[in-house]
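Colleague: For reference, this is final.txt, and it has compact mmCIF, C-alpha atoms.
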```
# COMPACT_ATOMS: atom_id res chain seq x y z
CA PRO J 1 0.00 0.00 0.00
CA ASP J 2 1.00 3.61 -0.52
CA VAL J 3 1.94 5.70 2.50
CA ALA J 4 2.61 9.37 3.09
CA GLY J 5 5.20 10.67 0.66
CA GLY J 6 4.64 7.72 -1.66
CA ARG J 7 7.17 5.50 0.14
CA ASN J 8 6.13 2.14 1.48
CA PRO J 9 8.69 1.15 4.15
CA PHE J 10 7.66 -2.50 3.97
CA GLN J 11 9.10 -2.76 0.46
CA ASP J 12 12.45 -2.82 2.28
CA VAL J 13 13.22 -6.34 3.52
CA ARG J 14 15.11 -4.85 6.49
CA VAL J 15 11.88 -3.27 7.74
CA ARG J 16 10.00 -6.54 7.35
CA ARG J 17 12.75 -8.41 9.19
CA ALA J 18 12.76 -5.79 11.93
CA PHE J 19 9.03 -6.19 12.51
CA ALA J 20 9.35 -9.98 12.41
CA GLN J 21 12.23 -10.10 14.88
CA ALA J 22 10.56 -7.67 17.29
CA VAL J 23 7.76 -10.14 18.08
CA ASP J 24 8.10 -13.39 20.05
CA TRP J 25 5.97 -15.45 17.69
CA ARG J 26 6.78 -18.74 19.44
CA ARG J 27 5.44 -17.45 22.74
CA LEU J 28 2.33 -16.11 21.04
CA GLY J 29 1.76 -19.53 19.49
CA ILE J 30 1.97 -21.18 22.89
CA LEU J 31 -0.51 -18.74 24.44
CA ASP J 32 -2.94 -18.68 21.51
CA GLU J 33 -6.09 -20.53 22.60
CA PRO J 34 -4.36 -23.27 24.65
CA GLY J 35 -5.73 -26.67 23.73
CA SER J 36 -7.06 -25.57 20.35
CA SER J 37 -3.80 -24.63 18.63
CA VAL J 38 -0.08 -25.35 18.67
CA PRO J 39 2.83 -22.97 17.91
CA ALA J 40 3.87 -22.77 14.27
CA THR J 41 7.38 -23.65 13.14
CA GLY J 42 6.89 -22.66 9.51
CA MET J 43 4.30 -22.16 6.82
CA VAL J 44 3.50 -25.89 6.56
CA PRO J 45 2.11 -27.66 9.64
CA ALA J 46 3.84 -30.76 10.97
CA GLY J 47 1.90 -33.84 9.92
CA ILE J 48 1.26 -32.69 6.36
CA PRO J 49 2.94 -35.29 4.12
CA GLY J 50 6.23 -33.94 2.78
CA THR J 51 6.63 -31.21 5.42
CA PRO J 52 10.31 -30.25 5.87
CA GLU J 53 11.68 -30.68 9.39
CA GLY J 54 13.08 -27.73 11.32
CA ASP J 55 12.12 -24.27 12.56
CA TYR J 56 11.46 -21.71 9.83
CA LEU J 57 10.35 -18.76 11.96
CA PRO J 58 12.37 -15.54 12.20
CA PRO J 59 14.40 -15.31 15.43
CA PHE J 60 13.06 -13.20 18.29
CA ASP J 61 15.78 -10.56 18.67
CA PRO J 62 14.62 -7.02 19.57
CA VAL J 63 18.19 -5.65 19.56
CA ALA J 64 18.81 -6.89 16.02
CA ALA J 65 15.34 -5.67 15.04
CA ARG J 66 16.12 -2.10 16.12
CA ALA J 67 19.46 -2.26 14.30
CA LEU J 68 17.74 -3.40 11.10
CA LEU J 69 15.23 -0.57 11.37
CA ALA J 70 18.01 1.96 11.84
CA GLU J 71 19.93 0.51 8.89
CA ALA J 72 16.83 1.01 6.77
CA GLY J 73 16.78 4.70 7.75
CA TYR J 74 14.34 4.61 10.66
CA ALA J 75 16.48 4.92 13.78
CA ASP J 76 13.41 6.37 15.47
CA GLY J 77 10.50 4.00 14.94
CA ARG J 78 8.09 6.94 14.99
CA SER J 79 9.67 8.20 11.76
CA LEU J 80 7.83 5.38 9.98
CA GLY J 81 4.60 7.21 10.69
CA PRO J 82 1.50 5.46 12.01
CA ILE J 83 1.48 1.80 10.96
CA SER J 84 -1.91 0.51 9.86
CA PHE J 85 -2.79 -2.87 11.39
CA ILE J 86 -6.23 -4.17 10.42
CA ALA J 87 -7.54 -7.60 11.35
CA ASN J 88 -10.66 -9.69 11.57
CA GLY J 89 -10.02 -9.84 15.31
CA GLY J 90 -7.23 -12.20 16.39
CA GLY J 91 -6.63 -13.28 19.98
CA TYR J 92 -2.98 -12.25 19.90
CA ASP J 93 -3.33 -8.93 18.04
CA GLY J 94 -2.93 -6.94 21.25
CA ALA J 95 0.28 -8.75 22.16
CA ILE J 96 1.73 -8.14 18.68
CA ILE J 97 0.98 -4.43 18.96
CA ALA J 98 2.48 -4.21 22.45
CA MET J 99 5.74 -5.89 21.39
CA LEU J 100 6.09 -3.82 18.23
CA GLU J 101 5.54 -0.58 20.11
CA GLU J 102 7.86 -1.55 22.96
CA ASN J 103 10.66 -3.12 20.92
CA LEU J 104 10.66 -0.79 17.90
CA GLY J 105 9.11 2.42 19.23
CA VAL J 106 6.58 2.46 16.39
CA GLU J 107 3.01 3.75 16.48
CA ILE J 108 0.36 1.18 15.53
CA GLU J 109 -3.14 2.19 14.41
CA TYR J 110 -5.33 -0.89 14.94
CA ALA J 111 -8.83 -1.62 13.66
CA THR J 112 -11.02 -4.66 13.11
CA MET J 113 -13.49 -5.38 10.33
CA GLU J 114 -16.37 -7.76 9.72
CA PHE J 115 -15.11 -10.72 7.69
CA GLY J 116 -16.76 -9.85 4.37
CA THR J 117 -15.62 -6.22 4.51
CA TYR J 118 -12.19 -7.38 5.61
CA GLN J 119 -11.83 -9.70 2.61
CA GLN J 120 -12.80 -6.88 0.28
CA ARG J 121 -10.23 -4.58 1.90
CA LEU J 122 -7.48 -7.19 1.50
CA ALA J 123 -8.38 -7.65 -2.15
CA GLU J 124 -8.46 -3.94 -2.95
CA ASP J 125 -6.11 -2.15 -0.55
CA PRO J 126 -4.25 -4.31 1.99
CA PRO J 127 -3.09 -2.46 5.12
CA GLN J 128 0.58 -2.45 6.08
CA VAL J 129 0.05 -5.20 8.66
CA TRP J 130 -2.82 -7.67 8.66
CA SER J 131 -3.66 -11.18 9.81
CA ILE J 132 -5.77 -14.01 8.49
CA SER J 133 -6.42 -17.72 8.98
CA TRP J 134 -6.01 -20.34 6.27
CA VAL J 135 -7.68 -23.73 5.82
CA ALA J 136 -5.96 -25.84 3.18
CA ASP J 137 -7.87 -27.48 0.35
CA TYR J 138 -5.66 -30.56 0.29
CA PRO J 139 -2.97 -32.01 2.61
CA GLY J 140 0.17 -30.98 0.75
CA PRO J 141 2.92 -28.39 1.39
CA ASN J 142 2.11 -26.41 -1.75
CA ASP J 143 -1.34 -25.54 -0.40
CA PHE J 144 0.43 -23.55 2.31
CA LEU J 145 3.21 -22.20 0.10
CA GLY J 146 2.69 -21.78 -3.64
CA VAL J 147 -1.07 -21.35 -3.32
CA LEU J 148 -0.68 -18.64 -0.69
CA LEU J 149 2.51 -16.89 -1.77
CA GLY J 150 3.27 -17.75 -5.40
CA THR J 151 3.62 -14.83 -7.81
CA GLY J 152 0.21 -14.04 -9.29
CA SER J 153 -1.71 -16.47 -7.07
CA THR J 154 -5.22 -15.22 -6.31
CA ALA J 155 -4.68 -16.13 -2.64
CA ASN J 156 -1.51 -13.99 -2.48
CA GLN J 157 -3.36 -10.96 -1.15
CA GLY J 158 -0.19 -9.15 -0.13
CA GLY J 159 1.14 -9.19 -3.70
CA TRP J 160 4.59 -10.44 -2.65
CA SER J 161 6.76 -11.84 -5.44
CA SER J 162 10.06 -13.72 -5.18
CA ALA J 163 11.89 -15.46 -8.01
CA PRO J 164 13.83 -17.78 -5.62
CA PHE J 165 10.55 -18.77 -3.94
CA ASP J 166 8.78 -19.41 -7.24
CA ASP J 167 11.77 -21.45 -8.44
CA ALA J 168 11.71 -23.58 -5.29
CA ILE J 169 7.98 -24.22 -5.70
CA SER J 170 8.50 -25.15 -9.35
CA ARG J 171 11.21 -27.64 -8.38
CA ALA J 172 9.02 -29.09 -5.64
CA THR J 173 5.90 -29.54 -7.76
CA SER J 174 7.85 -31.09 -10.64
CA ALA J 175 10.03 -33.36 -8.49
CA ALA J 176 10.10 -37.05 -9.42
CA ASP J 177 10.49 -38.28 -5.84
CA PRO J 178 9.23 -37.16 -2.40
CA ALA J 179 12.67 -36.42 -0.93
CA THR J 180 13.53 -33.99 -3.71
CA ALA J 181 10.16 -32.29 -3.31
CA THR J 182 10.63 -31.93 0.45
CA ASP J 183 14.09 -30.42 -0.03
CA ALA J 184 12.67 -27.88 -2.47
CA TYR J 185 9.84 -27.01 -0.09
CA ALA J 186 12.48 -26.46 2.61
CA ASP J 187 14.15 -23.95 0.29
CA ALA J 188 10.81 -22.19 -0.22
CA MET J 189 10.18 -22.02 3.53
CA ALA J 190 13.65 -20.59 4.09
CA VAL J 191 12.90 -17.82 1.57
CA VAL J 192 9.70 -16.98 3.46
CA ARG J 193 11.60 -16.91 6.75
CA ASP J 194 14.30 -14.58 5.39
CA ASP J 195 12.21 -12.34 3.11
CA VAL J 196 9.32 -12.19 5.61
CA PRO J 197 6.24 -11.62 3.46
CA THR J 198 4.35 -13.24 6.34
CA VAL J 199 4.95 -14.99 9.65
CA PRO J 200 2.92 -18.07 10.66
CA VAL J 201 1.86 -18.04 14.32
CA SER J 202 -0.09 -21.19 15.14
CA TYR J 203 -1.73 -24.28 13.72
CA GLY J 204 -5.32 -24.89 14.70
CA THR J 205 -6.54 -28.21 16.03
CA SER J 206 -10.10 -29.54 16.03
CA PHE J 207 -12.14 -32.22 17.74
CA SER J 208 -15.32 -34.08 16.80
CA LEU J 209 -17.70 -35.88 19.18
CA VAL J 210 -19.78 -38.75 17.77
CA ARG J 211 -21.93 -41.53 19.20
CA ASP J 212 -22.41 -45.18 18.38
CA GLY J 213 -24.37 -45.80 15.22
CA LEU J 214 -22.98 -42.88 13.22
CA LEU J 215 -21.28 -44.10 10.05
CA GLY J 216 -18.70 -42.37 7.92
CA ALA J 217 -17.54 -39.97 10.64
CA ALA J 218 -14.08 -39.41 9.25
CA GLN J 219 -11.94 -36.34 8.68
CA THR J 220 -10.74 -35.11 5.33
CA GLY J 221 -7.03 -34.83 4.67
CA THR J 222 -7.10 -31.28 6.02
CA GLY J 223 -8.74 -32.25 9.31
CA ILE J 224 -12.35 -31.23 8.59
CA LEU J 225 -15.25 -33.58 9.32
CA ARG J 226 -16.50 -35.01 6.02
CA LEU J 227 -20.24 -34.39 6.26
CA ALA J 228 -21.03 -35.99 2.90
CA GLY J 229 -20.17 -39.43 4.24
CA LEU J 230 -22.34 -39.33 7.37
CA ALA J 231 -25.17 -41.81 7.80
CA TRP J 232 -26.91 -43.67 10.62
CA GLU J 233 -27.03 -47.41 11.06
CA ASP J 234 -30.43 -48.98 10.50
CA GLY J 235 -32.61 -48.45 13.53
CA GLN J 236 -30.72 -45.41 14.81
```
Go through the file and emit its structure as structure tokens.

Modeller:
Amino acid sequence: PDVAGGRNPFQDVRVRRAFAQAVDWRRLGILDEPGSSVPATGMVPAGIPGTPEGDYLPPFDPVAARALLAEAGYADGRSLGPISFIANGGGYDGAIIAMLEENLGVEIEYATMEFGTYQQRLAEDPPQVWSISWVADYPGPNDFLGVLLGTGSTANQGGWSSAPFDDAISRATSAADPATATDAYADAMAVVRDDVPTVPVSYGTSFSLVRDGLLGAAQTGTGILRLAGLAWEDGQ
């Protein structure tokens, strides 16, 4: 998005890294709805077939974050101007704002929107900082990577584009064996970690309660109850 003076500070990777390293995402993931989510370690949740092992989140380092911001020309965080943070209403939004303001000295202007209006805003004029949840369509790493962040993807609402990322996704989706695909997805996740178009916070978990006599109560590959297969035994 455009900002005062026509300069968007978030086009500078040092600014994005500064904001990423000023927030303790791992702690937020632990505190986010205990029992219904687990902390993220990268864009692809553990358990998805082909997920690379390892931690692909930016490090929490407020000192390095302030140095990056100064290197980008914003030694005083207030010189960035008010930062627009709009969300659909996340449980950890307040903690993100508090850490950014404390660790970078920036001013955050926060607002929430009803989901439909929020989706329209993201499609037409994304704010500088925003958050959203994602439910995959199929259990594969690319549904969390190329689908969300590939150049020109309709789900890439931030408009980020990276040739190294796109190359890694191309290698992964054309790989002839699973190990090669996983290695390429690891490269893609490393690009996301270092270029910081987004930071994953937590993976949601879900539970279903059923009783005897209910048939076909199984989850899809993405963990959603498959309603089309439900039926009762005769006499139920």

Colleague: So how many Å separate CA of Phe165 in chain J and CA of Pro127 in chain J, to one decimal?

Modeller: 23.1 Å

Colleague: Go through J:Gly42, J:Trp25, J:Trp130, J:Gly73 one by one, measure the shortest atom-to-atom distance of each to Phe60 in chain J using all atoms listed in the file, and give the residue with the smallest value.

Modeller: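 For Phe60 in chain J, the nearest of the given residues is J:Trp25.
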
Colleague: Neighbours of Met43 in chain J within 8 Å (all atoms listed in the file; same-chain residues fewer than 5 positions away dropped), as a ChimeraX atom specification?

Modeller: /J:56,144-145,189,199-200

Colleague: Do you know which residues are at most 12 Å from Gln119 in chain J counting all atoms listed in the file, after dropping those on the same chain fewer than 3 positions away, and could you put them as a tab-separated table (two decimals) with C-alpha atoms, keeping the file's coordinate frame?

Modeller:
```
chain	number	residue	atom	x	y	z
J	86	ILE	CA	-6.23	-4.17	10.42
J	87	ALA	CA	-7.54	-7.60	11.35
J	88	ASN	CA	-10.66	-9.69	11.57
J	112	THR	CA	-11.02	-4.66	13.11
J	113	MET	CA	-13.49	-5.38	10.33
J	114	GLU	CA	-16.37	-7.76	9.72
J	115	PHE	CA	-15.11	-10.72	7.69
J	116	GLY	CA	-16.76	-9.85	4.37
J	122	LEU	CA	-7.48	-7.19	1.50
J	123	ALA	CA	-8.38	-7.65	-2.15
J	124	GLU	CA	-8.46	-3.94	-2.95
J	125	ASP	CA	-6.11	-2.15	-0.55
J	126	PRO	CA	-4.25	-4.31	1.99
J	127	PRO	CA	-3.09	-2.46	5.12
J	130	TRP	CA	-2.82	-7.67	8.66
J	131	SER	CA	-3.66	-11.18	9.81
J	132	ILE	CA	-5.77	-14.01	8.49
J	133	SER	CA	-6.42	-17.72	8.98
J	155	ALA	CA	-4.68	-16.13	-2.64
J	157	GLN	CA	-3.36	-10.96	-1.15
J	158	GLY	CA	-0.19	-9.15	-0.13
```

Colleague: Pick from J:Ile97, J:Leu80, J:Leu104, J:Ile48: nearest to Pro62 in chain J, with all atoms listed in the file counted?

Modeller: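 Looking at the shortest contact to Pro62 in chain J, the residue is J:Leu104.
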
Colleague: Counting only C-alpha atoms, give me one row per residue of range 35-75 of chain J with an atom at most 6 Å from an atom of range 203-206 of chain J, showing the shortest contact pair and its distance in Å to one decimal, sorted by chain then residue number, as CSV.

Modeller:
```
residue,atom,partner,partner_atom,distance
J:Ser36,CA,J:Thr205,CA,5.1
J:Ser37,CA,J:Gly204,CA,4.2
J:Val38,CA,J:Tyr203,CA,5.3
J:Ala40,CA,J:Tyr203,CA,5.8
```

Colleague: Report, in Å to a single decimal, how far apart CA of Val201 in chain J and CA of Gly50 in chain J are.

Modeller: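 If I compute the distance from CA of Gly50 in chain J to CA of Val201 in chain J, I get 20.1 Å.
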
Colleague: In Å to one decimal, how far is CA of Ala95 in chain J from CA of Ala65 in chain J?

Modeller: 16.9 Å

Colleague: Near Pro58 in chain J, counting all atoms listed in the file, which residues have an atom at most 10 Å away, once you skip same-chain residues fewer than 4 positions from it, shown as a PyMOL selection string?

Modeller: chain J and resi 17-26+41-42+190+192-196+199-200

Colleague: Pick out the closest residue to Gln128 in chain J from this set: J:Ile83, J:Ala188, J:Ala98, J:Ala175. Count only C-alpha atoms.

Modeller: J:Ile83

Colleague: Please provide as a list of chain:residue names all residues within 12 Å of Pro49 in chain J, with the sequence filter that same-chain residues fewer than 5 positions apart are discarded (counting all atoms listed in the file).

Modeller: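 Everything that qualifies: J:Val44, J:Tyr138, J:Pro139, J:Gly140, J:Pro141, J:Asn142, J:Asp143, J:Pro178, J:Ala179, J:Ala181, J:Thr182, J:Tyr185, J:Gly221, J:Thr222.
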
Colleague: Find the residue from J:Gly152, J:Glu71, J:Gly146, J:Phe85 that sits nearest to Ile169 in chain J; use only C-alpha atoms when measuring.

Modeller: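 Selected residue with least distance to Ile169 in chain J: J:Gly146.
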
Colleague: Rank nothing, just name the residue among J:Val210, J:Leu31, J:Ala186, J:Leu230 nearest to Glu53 in chain J, using all atoms listed in the file.

Modeller: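 Distance minimum relative to Glu53 in chain J lands on J:Ala186.
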
Colleague: Considering all atoms listed in the file, state which residue in the set J:Trp134, J:Leu215, J:Gly90, J:Ala176 is at the smallest distance from Leu227 in chain J.

Modeller: J:Leu215
